[in-house]
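Structure file entry-v2.cif (mmCIF, C-alpha atoms) is printed below.
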data_coords
loop_
_atom_site.label_atom_id
_atom_site.label_comp_id
_atom_site.auth_asym_id
_atom_site.auth_seq_id
_atom_site.Cartn_x
_atom_site.Cartn_y
_atom_site.Cartn_z
CA MET A 1 0.00 0.00 0.00
CA SER A 2 2.22 2.77 -1.20
CA VAL A 3 2.52 5.21 -4.05
CA THR A 4 4.54 4.45 -7.16
CA PRO A 5 8.18 5.53 -6.65
CA PRO A 6 9.42 8.12 -9.17
CA ALA A 7 11.07 6.67 -12.27
CA LEU A 8 14.74 7.61 -12.74
CA PHE A 9 15.41 5.61 -15.92
CA CYS A 10 13.34 4.89 -19.03
CA SER A 11 12.00 1.34 -18.82
CA ARG A 12 12.08 1.11 -22.62
CA CYS A 13 15.62 2.35 -23.43
CA GLY A 14 17.42 2.85 -20.09
CA HIS A 15 18.08 6.59 -20.62
CA ALA A 16 17.64 9.05 -17.73
CA ILE A 17 14.05 10.25 -17.15
CA VAL A 18 13.11 13.93 -17.20
CA ARG A 19 10.06 14.98 -15.22
CA ARG A 20 8.16 17.56 -17.32
CA VAL A 21 4.82 18.44 -18.89
CA PRO A 22 4.69 16.85 -22.37
CA ALA A 23 3.31 18.84 -25.31
CA GLY A 24 -0.50 18.86 -25.25
CA ASP A 25 -0.62 17.68 -21.65
CA SER A 26 -1.22 19.62 -18.44
CA ARG A 27 0.59 17.38 -15.93
CA SER A 28 4.18 16.46 -15.25
CA ARG A 29 5.06 12.99 -16.54
CA ASP A 30 8.12 10.76 -16.60
CA CYS A 31 9.49 11.58 -20.06
CA CYS A 32 12.40 10.07 -21.98
CA ASP A 33 14.13 12.56 -24.29
CA SER A 34 16.12 9.73 -25.87
CA CYS A 35 13.39 7.39 -27.18
CA GLY A 36 10.42 9.72 -26.70
CA ALA A 37 8.50 7.44 -24.32
CA ILE A 38 6.11 9.01 -21.82
CA HIS A 39 5.58 6.77 -18.78
CA TYR A 40 2.10 7.43 -17.41
CA VAL A 41 1.26 6.44 -13.86
CA ASN A 42 -2.37 5.85 -12.87
CA PRO A 43 -4.16 4.65 -9.75
CA ARG A 44 -4.47 0.88 -9.39
CA PRO A 45 -7.71 -1.04 -8.81
CA VAL A 46 -7.91 -3.32 -5.77
CA VAL A 47 -10.69 -5.93 -5.93
CA GLY A 48 -12.24 -8.06 -3.22
CA THR A 49 -15.38 -9.67 -1.86
CA ILE A 50 -17.65 -9.72 1.16
CA PRO A 51 -18.06 -13.52 1.43
CA VAL A 52 -21.10 -14.42 3.52
CA TRP A 53 -22.28 -17.70 5.08
CA GLU A 54 -25.76 -17.35 6.60
CA ASP A 55 -25.42 -14.25 8.80
CA ARG A 56 -21.63 -14.33 9.09
CA VAL A 57 -18.86 -12.68 7.06
CA LEU A 58 -15.50 -14.26 6.21
CA LEU A 59 -12.43 -12.28 7.24
CA CYS A 60 -8.72 -13.04 6.80
CA ARG A 61 -5.95 -12.17 9.26
CA ARG A 62 -3.00 -10.88 7.27
CA ALA A 63 0.24 -12.89 7.18
CA ILE A 64 2.08 -10.14 5.26
CA GLU A 65 2.88 -6.46 5.54
CA PRO A 66 1.37 -3.96 5.53
CA ARG A 67 -0.88 -4.49 8.57
CA LEU A 68 0.42 -7.97 9.39
CA GLY A 69 -1.83 -9.64 11.98
CA LEU A 70 -4.84 -7.41 11.30
CA TRP A 71 -8.15 -8.46 9.72
CA THR A 72 -9.33 -7.80 6.20
CA LEU A 73 -11.80 -8.90 3.59
CA PRO A 74 -10.12 -10.99 0.87
CA ALA A 75 -8.83 -8.46 -1.69
CA GLY A 76 -5.82 -7.59 -3.78
CA PHE A 77 -4.55 -5.78 -6.83
CA LEU A 78 -6.40 -6.40 -10.07
CA GLU A 79 -4.05 -8.20 -12.47
CA VAL A 80 -3.70 -7.49 -16.18
CA GLY A 81 -5.87 -9.73 -18.35
CA GLU A 82 -8.64 -10.25 -15.82
CA SER A 83 -11.93 -8.49 -15.15
CA THR A 84 -12.75 -6.98 -11.77
CA VAL A 85 -15.13 -9.89 -11.04
CA GLU A 86 -12.49 -12.46 -12.03
CA GLY A 87 -9.91 -10.70 -9.87
CA ALA A 88 -12.22 -10.62 -6.86
CA VAL A 89 -13.00 -14.34 -7.24
CA ARG A 90 -9.27 -15.13 -7.56
CA GLU A 91 -8.31 -13.12 -4.47
CA THR A 92 -11.05 -14.82 -2.44
CA LEU A 93 -9.71 -18.22 -3.46
CA GLU A 94 -6.04 -17.28 -2.95
CA GLU A 95 -6.35 -15.56 0.42
CA ALA A 96 -9.21 -17.49 1.99
CA GLY A 97 -9.36 -20.77 -0.01
CA ALA A 98 -13.03 -19.89 -0.43
CA ARG A 99 -15.33 -20.76 -3.32
CA ILE A 100 -18.09 -18.24 -3.87
CA GLU A 101 -21.10 -17.34 -5.91
CA MET A 102 -20.46 -13.74 -6.91
CA GLY A 103 -23.05 -11.09 -6.15
CA GLU A 104 -23.36 -7.43 -7.04
CA LEU A 105 -20.83 -4.63 -6.78
CA PHE A 106 -21.24 -3.16 -3.31
CA SER A 107 -18.61 -0.49 -2.69
CA MET A 108 -16.12 1.57 -4.64
CA ILE A 109 -13.84 3.51 -2.33
CA ASP A 110 -11.18 5.81 -3.74
CA VAL A 111 -7.96 6.20 -1.78
CA PRO A 112 -6.28 8.85 -3.93
CA TYR A 113 -3.31 9.54 -1.62
CA ILE A 114 -2.08 5.97 -2.13
CA GLU A 115 -3.21 5.88 -5.79
CA GLN A 116 -5.77 3.09 -5.36
CA VAL A 117 -9.45 2.42 -6.02
CA HIS A 118 -10.95 -0.36 -3.88
CA LEU A 119 -13.89 -2.35 -5.24
CA PHE A 120 -15.84 -4.86 -3.15
CA PHE A 121 -18.50 -7.27 -4.40
CA ARG A 122 -21.05 -9.13 -2.31
CA ALA A 123 -20.58 -12.91 -2.46
CA ARG A 124 -22.12 -16.08 -1.05
CA LEU A 125 -19.83 -18.85 0.22
CA LEU A 126 -20.62 -22.13 -1.53
CA ASP A 127 -19.33 -24.18 1.43
CA THR A 128 -17.36 -23.72 4.66
CA ASP A 129 -14.25 -25.56 3.46
CA PHE A 130 -12.22 -22.36 3.43
CA ALA A 131 -8.62 -22.25 4.63
CA ALA A 132 -5.93 -19.61 5.08
CA GLY A 133 -3.90 -19.02 1.92
CA GLU A 134 -0.22 -18.03 1.91
CA GLU A 135 -1.02 -14.39 2.65
CA SER A 136 -3.34 -15.18 5.58
CA LEU A 137 -2.58 -16.38 9.11
CA GLU A 138 -6.17 -17.34 9.81
CA VAL A 139 -9.58 -17.19 8.12
CA ARG A 140 -12.79 -17.04 10.15
CA LEU A 141 -16.50 -16.34 9.94
CA PHE A 142 -17.70 -13.42 12.10
CA ALA A 143 -21.19 -12.42 13.13
CA GLU A 144 -21.70 -8.65 13.12
CA SER A 145 -21.29 -8.52 16.91
CA GLU A 146 -17.95 -10.35 16.69
CA ILE A 147 -16.23 -8.15 14.07
CA PRO A 148 -12.80 -7.08 15.41
CA TRP A 149 -13.33 -3.38 14.63
CA GLN A 150 -10.23 -2.37 16.58
CA ALA A 151 -8.03 -4.73 14.56
CA MET A 152 -9.09 -3.98 10.99
CA ALA A 153 -6.24 -3.74 8.48
CA PHE A 154 -7.70 -1.10 6.16
CA ARG A 155 -10.26 1.68 6.40
CA THR A 156 -11.78 0.68 3.05
CA VAL A 157 -12.57 -2.72 4.56
CA ALA A 158 -14.00 -1.29 7.81
CA THR A 159 -16.09 1.19 5.80
CA THR A 160 -17.35 -1.53 3.48
CA LEU A 161 -18.32 -3.77 6.42
CA ARG A 162 -20.17 -0.93 8.21
CA LEU A 163 -22.09 -0.12 5.02
CA TYR A 164 -22.81 -3.81 4.50
CA PHE A 165 -24.30 -4.32 7.96
CA ALA A 166 -26.29 -1.08 7.70
CA ASP A 167 -27.76 -2.12 4.34
CA ARG A 168 -28.50 -5.61 5.61
CA ALA A 169 -30.35 -4.16 8.59
CA ALA A 170 -32.31 -1.89 6.23
CA GLY A 171 -33.18 -4.89 4.05
CA ARG A 172 -31.77 -3.34 0.87
CA PHE A 173 -28.25 -3.43 -0.58
CA GLY A 174 -27.04 -0.42 -2.53
CA VAL A 175 -23.85 0.46 -4.38
CA HIS A 176 -21.70 2.84 -2.35
CA VAL A 177 -19.17 5.23 -3.86
CA GLN A 178 -16.93 7.03 -1.39
CA ALA A 179 -13.46 8.46 -1.10
CA ILE A 180 -11.01 8.38 1.80
CA THR A 181 -9.06 11.51 1.05
CA ALA A 182 -6.54 11.81 3.86
CA PRO A 183 -4.09 9.42 5.51
CA MET A 184 -5.11 8.03 8.88
CA PRO A 185 -3.78 10.36 11.58
CA LYS A 186 -0.79 8.91 13.37
CA VAL A 187 -1.73 8.30 17.00
CA PRO A 188 0.52 6.85 19.68
CA ALA A 189 0.00 3.15 20.32
CA PRO A 190 -2.09 2.51 23.49
CA HIS A 191 0.96 1.37 25.48
CA ALA A 192 3.55 3.69 23.95
CA PRO A 193 5.53 5.84 26.37
CA ALA A 194 3.94 9.28 26.74
CA MET B 195 -5.94 2.55 -25.74
CA SER B 196 -3.21 -0.08 -25.70
CA VAL B 197 -1.52 -2.43 -23.31
CA THR B 198 1.57 -1.46 -21.35
CA PRO B 199 4.70 -2.23 -23.41
CA PRO B 200 7.12 -4.68 -21.74
CA ALA B 201 9.82 -3.05 -19.62
CA LEU B 202 13.39 -3.69 -20.77
CA PHE B 203 15.20 -1.58 -18.17
CA CYS B 204 14.64 -1.00 -14.46
CA SER B 205 13.05 2.44 -14.01
CA ARG B 206 14.72 2.74 -10.60
CA CYS B 207 18.37 1.81 -11.42
CA GLY B 208 18.58 1.38 -15.22
CA HIS B 209 19.70 -2.29 -15.07
CA ALA B 210 18.25 -4.83 -17.55
CA ILE B 211 14.87 -6.30 -16.55
CA VAL B 212 14.34 -10.04 -16.16
CA ARG B 213 10.83 -11.37 -16.65
CA ARG B 214 10.24 -14.05 -14.00
CA VAL B 215 7.97 -15.17 -11.16
CA PRO B 216 9.23 -13.52 -7.94
CA ALA B 217 9.42 -15.59 -4.72
CA GLY B 218 5.99 -15.91 -3.14
CA ASP B 219 4.21 -14.81 -6.33
CA SER B 220 2.45 -16.84 -9.00
CA ARG B 221 2.82 -14.52 -11.99
CA SER B 222 5.69 -13.32 -14.13
CA ARG B 223 6.75 -9.79 -13.29
CA ASP B 224 9.34 -7.30 -14.50
CA CYS B 225 12.13 -7.94 -11.97
CA CYS B 226 15.45 -6.18 -11.49
CA ASP B 227 18.20 -8.47 -10.19
CA SER B 228 20.45 -5.48 -9.56
CA CYS B 229 18.37 -3.32 -7.17
CA GLY B 230 15.68 -5.91 -6.36
CA ALA B 231 12.75 -3.84 -7.65
CA ILE B 232 9.64 -5.63 -8.90
CA HIS B 233 7.69 -3.50 -11.37
CA TYR B 234 4.03 -4.45 -11.13
CA VAL B 235 1.65 -3.59 -13.95
CA ASN B 236 -2.08 -3.32 -13.28
CA PRO B 237 -5.14 -2.30 -15.30
CA ARG B 238 -5.87 1.43 -15.43
CA PRO B 239 -9.17 3.07 -14.52
CA VAL B 240 -10.85 5.26 -17.15
CA VAL B 241 -13.49 7.63 -15.76
CA GLY B 242 -16.22 9.58 -17.49
CA THR B 243 -19.75 10.90 -17.33
CA ILE B 244 -23.11 10.72 -19.08
CA PRO B 245 -23.90 14.47 -19.08
CA VAL B 246 -27.61 15.08 -19.63
CA TRP B 247 -29.59 18.22 -20.47
CA GLU B 248 -33.35 17.57 -20.34
CA ASP B 249 -33.76 14.46 -22.53
CA ARG B 250 -30.48 14.84 -24.42
CA VAL B 251 -26.97 13.45 -23.82
CA LEU B 252 -23.72 15.31 -24.46
CA LEU B 253 -21.24 13.57 -26.77
CA CYS B 254 -17.78 14.64 -27.95
CA ARG B 255 -16.28 13.96 -31.36
CA ARG B 256 -12.66 12.93 -30.86
CA ALA B 257 -9.88 15.20 -32.14
CA ILE B 258 -7.19 12.65 -31.25
CA GLU B 259 -6.29 9.04 -31.93
CA PRO B 260 -7.44 6.43 -31.33
CA ARG B 261 -10.80 6.73 -33.08
CA LEU B 262 -10.27 10.28 -34.31
CA GLY B 263 -13.54 11.70 -35.66
CA LEU B 264 -15.77 9.25 -33.79
CA TRP B 265 -18.14 10.06 -30.92
CA THR B 266 -17.64 9.38 -27.24
CA LEU B 267 -18.82 10.34 -23.80
CA PRO B 268 -16.32 12.60 -22.03
CA ALA B 269 -13.86 10.23 -20.33
CA GLY B 270 -10.17 9.63 -19.77
CA PHE B 271 -7.57 8.00 -17.58
CA LEU B 272 -7.89 8.54 -13.85
CA GLU B 273 -4.89 10.56 -12.66
CA VAL B 274 -2.92 9.94 -9.48
CA GLY B 275 -4.10 12.03 -6.56
CA GLU B 276 -7.74 12.30 -7.62
CA SER B 277 -10.84 10.25 -6.84
CA THR B 278 -12.92 8.62 -9.58
CA VAL B 279 -15.61 11.31 -9.16
CA GLU B 280 -13.01 14.11 -9.34
CA GLY B 281 -11.48 12.52 -12.44
CA ALA B 282 -14.85 12.20 -14.17
CA VAL B 283 -15.69 15.86 -13.42
CA ARG B 284 -12.26 16.94 -14.72
CA GLU B 285 -12.56 14.97 -17.96
CA THR B 286 -16.03 16.40 -18.58
CA LEU B 287 -14.67 19.92 -18.17
CA GLU B 288 -11.52 19.27 -20.23
CA GLU B 289 -13.10 17.47 -23.17
CA ALA B 290 -16.51 19.13 -23.31
CA GLY B 291 -16.06 22.39 -21.39
CA ALA B 292 -19.09 21.24 -19.44
CA ARG B 293 -19.98 21.99 -15.84
CA ILE B 294 -22.02 19.25 -14.19
CA GLU B 295 -23.79 18.15 -11.07
CA MET B 296 -22.49 14.63 -10.51
CA GLY B 297 -24.93 11.78 -10.12
CA GLU B 298 -24.53 8.13 -9.25
CA LEU B 299 -22.13 5.55 -10.62
CA PHE B 300 -23.88 3.99 -13.63
CA SER B 301 -21.56 1.52 -15.36
CA MET B 302 -18.31 -0.30 -14.70
CA ILE B 303 -17.11 -2.09 -17.81
CA ASP B 304 -13.92 -4.13 -17.74
CA VAL B 305 -11.84 -4.30 -20.88
CA PRO B 306 -9.20 -6.78 -19.73
CA TYR B 307 -7.45 -7.26 -23.08
CA ILE B 308 -6.43 -3.59 -23.10
CA GLU B 309 -5.88 -3.52 -19.31
CA GLN B 310 -8.58 -0.96 -18.55
CA VAL B 311 -11.67 -0.58 -16.35
CA HIS B 312 -14.16 2.04 -17.59
CA LEU B 313 -16.37 3.81 -15.05
CA PHE B 314 -19.23 6.11 -16.07
CA PHE B 315 -21.26 8.31 -13.75
CA ARG B 316 -24.61 9.92 -14.48
CA ALA B 317 -24.44 13.73 -14.50
CA ARG B 318 -26.68 16.74 -15.03
CA LEU B 319 -25.41 19.64 -17.12
CA LEU B 320 -25.64 22.89 -15.15
CA ASP B 321 -25.91 24.98 -18.34
CA THR B 322 -25.50 24.62 -22.10
CA ASP B 323 -22.34 26.73 -22.31
CA PHE B 324 -20.23 23.72 -23.23
CA ALA B 325 -17.50 23.86 -25.86
CA ALA B 326 -15.06 21.45 -27.47
CA GLY B 327 -11.83 21.06 -25.50
CA GLU B 328 -8.44 20.39 -27.09
CA GLU B 329 -9.17 16.68 -27.48
CA SER B 330 -12.58 17.22 -29.11
CA LEU B 331 -13.53 18.43 -32.62
CA GLU B 332 -17.13 19.07 -31.68
CA VAL B 333 -19.45 18.69 -28.70
CA ARG B 334 -23.21 18.23 -29.14
CA LEU B 335 -26.40 17.23 -27.37
CA PHE B 336 -28.16 14.20 -28.85
CA ALA B 337 -31.67 12.91 -28.30
CA GLU B 338 -31.82 9.10 -28.14
CA SER B 339 -33.07 8.93 -31.73
CA GLU B 340 -30.12 11.02 -32.94
CA ILE B 341 -27.26 9.03 -31.36
CA PRO B 342 -24.67 8.21 -34.07
CA TRP B 343 -24.50 4.49 -33.19
CA GLN B 344 -22.47 3.69 -36.30
CA ALA B 345 -19.84 6.27 -35.40
CA MET B 346 -19.18 5.51 -31.74
CA ALA B 347 -15.52 5.55 -30.70
CA PHE B 348 -15.62 2.84 -28.03
CA ARG B 349 -17.81 -0.14 -27.19
CA THR B 350 -17.81 0.78 -23.49
CA VAL B 351 -19.45 4.09 -24.47
CA ALA B 352 -22.01 2.49 -26.80
CA THR B 353 -22.82 -0.12 -24.14
CA THR B 354 -23.19 2.54 -21.46
CA LEU B 355 -25.50 4.63 -23.65
CA ARG B 356 -27.71 1.62 -24.51
CA LEU B 357 -27.97 0.72 -20.83
CA TYR B 358 -28.70 4.34 -19.98
CA PHE B 359 -31.59 4.67 -22.46
CA ALA B 360 -32.98 1.27 -21.42
CA ASP B 361 -32.94 2.24 -17.74
CA ARG B 362 -34.44 5.65 -18.51
CA ALA B 363 -37.28 3.99 -20.43
CA ALA B 364 -37.82 1.61 -17.50
CA GLY B 365 -37.93 4.57 -15.09
CA ARG B 366 -35.16 3.23 -12.87
CA PHE B 367 -31.38 3.62 -13.06
CA GLY B 368 -29.21 0.74 -11.89
CA VAL B 369 -25.47 0.17 -11.60
CA HIS B 370 -24.21 -2.04 -14.41
CA VAL B 371 -21.10 -4.21 -14.17
CA GLN B 372 -20.01 -5.87 -17.39
CA ALA B 373 -16.89 -7.02 -19.18
CA ILE B 374 -15.94 -6.80 -22.84
CA THR B 375 -13.61 -9.75 -23.04
CA ALA B 376 -12.52 -9.90 -26.67
CA PRO B 377 -11.22 -7.34 -29.15
CA MET B 378 -13.69 -6.09 -31.73
CA PRO B 379 -13.48 -8.37 -34.78
CA LYS B 380 -11.68 -6.72 -37.67
CA VAL B 381 -14.13 -6.30 -40.52
CA PRO B 382 -13.36 -4.77 -43.90
CA ALA B 383 -14.45 -1.16 -44.25
CA PRO B 384 -17.70 -0.78 -46.25
CA HIS B 385 -15.88 0.55 -49.30
CA ALA B 386 -12.70 -1.52 -49.01
CA PRO B 387 -11.73 -3.58 -52.03
CA ALA B 388 -13.08 -7.14 -51.74
#
Represent the structure from my file as structure tokens, please.
Amino acid sequence: MSVTPPALFCSRCGHAIVRRVPAGDSRSRDCCDSCGAIHYVNPRPVVGTIPVWEDRVLLCRRAIEPRLGLWTLPAGFLEVGESTVEGAVRETLEEAGARIEMGELFSMIDVPYIEQVHLFFRARLLDTDFAAGEESLEVRLFAESEIPWQAMAFRTVATTLRLYFADRAAGRFGVHVQAITAPMPKVPAPHAPA
Amino acid sequence: MSVTPPALFCSRCGHAIVRRVPAGDSRSRDCCDSCGAIHYVNPRPVVGTIPVWEDRVLLCRRAIEPRLGLWTLPAGFLEVGESTVEGAVRETLEEAGARIEMGELFSMIDVPYIEQVHLFFRARLLDTDFAAGEESLEVRLFAESEIPWQAMAFRTVATTLRLYFADRAAGRFGVHVQAITAPMPKVPAPHAPA
């Protein structure tokens, strides 16, 4: 979860990159004055699911940084060559070993300061034979009252879960578009020295 | 509208790139064995609007390749640092000189073979003082019966417009998630030699 580091060399010809506004553009880009390449950088889609079994939701405890040990919905970067639905199904299988019937798009949450767009789909677990994948320490079903709100890995996931439970209580699922526009404020850990 | 060309040189240190599966990954990536960088490539979001004035929709005739001279909804690549809504508003202003009140997300259409995800939002024009931007030859309002279906620049735009008119006729706007999974078949131009 971090922004793209600035390019120093042209990935096409190896020449030094110049950061400037190309002709006909209005933004600074990574330009190569040797081969003429312009290296555009754009936000990346992250795709995931809200896998549900009866009234419980499947969460994964992260085995990798960032946010190792914290809980998340199964999700990850969309790969080239796949659709958002295919990517969300793949991440659910990879991280949670879970087979699902895909449902509707539920949330799209922009996180512009880390150059990401997070997309979550509703999903129904086909069975309870899920298992932690390589990137998960543990995978578990949680009732709403059991959700570890204080140990959530990402705000997009916490936001999506809150919207999900609110919609479920209201008896109608919408599609939610939001943006998280500022980094989480850094607060001292509960047991940090004052 | 094309896929990312393969990287030959590391954009961080200039060393030659090796295409291989990194440890703990399952896909080939652009790896640098000199500085250790892994250069991930992901699909890019394209954001746009369906700007409406009374019963008419605003379309732009493209002044640039690809599809120069054909019609499109205002749309373009999401830029780093902006949300999808901000990007869609910006593109509508840049390409059509149009000020809008943003509405709901309407369509998300994956185009995996060109590594893009297209997102269109409904929007209401605030006035009719629109004007072609640098990337447009012409900007015009079209009633449904006037839409130049045979001269549309992109299938994601044609699909979005068809869904829009269908929903409008039904009196209820949904959110549509689709994928266009294969390139448009190459057909001879009407007046090409047989």
Chain A residues within 6 Å of chain B, counting all atoms listed in the file: which ones, as a list in words?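 The selection requested is Ala7, Leu8, Phe9, Cys10, Ser11, Arg12, Gly14, Asn42, Pro43, Glu79, Val80, Gly81, Glu82, Ser83, Asp110, Pro112, Tyr113 and Glu115 of chain A.
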Given all atoms listed in the file as the counted atoms, nearest of B:Leu319, B:Leu253, B:Phe336, B:Thr243 to Val283 (chain B):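 With all atoms listed in the file as the atom set, the closest residue is B:Thr243.
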Output of the PyMOL selection byres ((chain A and resi 164) around 9), listed as a PyMOL selection string: chain A and resi 50+106-107+122+159-163+165-169+173-174
Picked residues, the PyMOL selection byres ((chain A and resi 141) around 8), as a compact mmCIF listing (two decimals) with C-alpha atoms, in the coordinates of the input:
# COMPACT_ATOMS: atom_id res chain seq x y z
CA TRP A 53 -22.28 -17.70 5.08
CA ARG A 56 -21.63 -14.33 9.09
CA VAL A 57 -18.86 -12.68 7.06
CA LEU A 58 -15.50 -14.26 6.21
CA LEU A 59 -12.43 -12.28 7.24
CA VAL A 139 -9.58 -17.19 8.12
CA ARG A 140 -12.79 -17.04 10.15
CA PHE A 142 -17.70 -13.42 12.10
CA ALA A 143 -21.19 -12.42 13.13
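Contact shell of Glu91 (chain A) at 8 Å (all atoms listed in the file; same-chain neighbours under 5 positions omitted): Val47, Gly48, Pro74, Ala75, Gly76 and Ala96 of chain A.
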When you draw a straight line from CA of Phe120 (chain A) to CA of Arg349 (chain B), how long is it in Å?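 Taking CA of Phe120 (chain A) and CA of Arg349 (chain B), their separation equals 24.6 Å.
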To one decimal in Å, tell me the separation between CA of Ser220 (chain B) and CA of Pro66 (chain A). 19.4 Å
What is the CA of Phe121 (chain A)-CA of Gly87 (chain A) distance in Å, reported with one decimal?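 Spanning CA of Phe121 (chain A) to CA of Gly87 (chain A) is a straight-line distance of 10.7 Å.
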Residues picked by the PyMOL selection byres ((chain A and resi 136) around 10) here, as a list in words? Leu59, Cys60, Arg61, Arg62, Ala63, Ile64, Leu68, Gly69, Leu70, Trp71, Thr72, Pro74, Glu94, Glu95, Ala96, Gly97, Ala131, Ala132, Gly133, Glu134, Glu135, Leu137, Glu138 and Val139 of chain A
Restricting the output to C-alpha atoms, write the selected residues as a CSV table (one decimal), in the frame of the given file.
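For reference, again-v3.csv as written:
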chain,number,residue,atom,x,y,z
A,59,LEU,CA,-12.4,-12.3,7.2
A,60,CYS,CA,-8.7,-13.0,6.8
A,61,ARG,CA,-6.0,-12.2,9.3
A,62,ARG,CA,-3.0,-10.9,7.3
A,63,ALA,CA,0.2,-12.9,7.2
A,64,ILE,CA,2.1,-10.1,5.3
A,68,LEU,CA,0.4,-8.0,9.4
A,69,GLY,CA,-1.8,-9.6,12.0
A,70,LEU,CA,-4.8,-7.4,11.3
A,71,TRP,CA,-8.2,-8.5,9.7
A,72,THR,CA,-9.3,-7.8,6.2
A,74,PRO,CA,-10.1,-11.0,0.9
A,94,GLU,CA,-6.0,-17.3,-3.0
A,95,GLU,CA,-6.4,-15.6,0.4
A,96,ALA,CA,-9.2,-17.5,2.0
A,97,GLY,CA,-9.4,-20.8,0.0
A,131,ALA,CA,-8.6,-22.2,4.6
A,132,ALA,CA,-5.9,-19.6,5.1
A,133,GLY,CA,-3.9,-19.0,1.9
A,134,GLU,CA,-0.2,-18.0,1.9
A,135,GLU,CA,-1.0,-14.4,2.6
A,137,LEU,CA,-2.6,-16.4,9.1
A,138,GLU,CA,-6.2,-17.3,9.8
A,139,VAL,CA,-9.6,-17.2,8.1
Test item: axis-aligned box, all listed atoms of region 203-208 of chain B, 4 Å on each side, centre and edges in Å rounded to one decimal, as JSON:
{"center_x": 15.8, "center_y": 0.6, "center_z": -14.4, "size_x": 13.5, "size_y": 12.3, "size_z": 15.6}
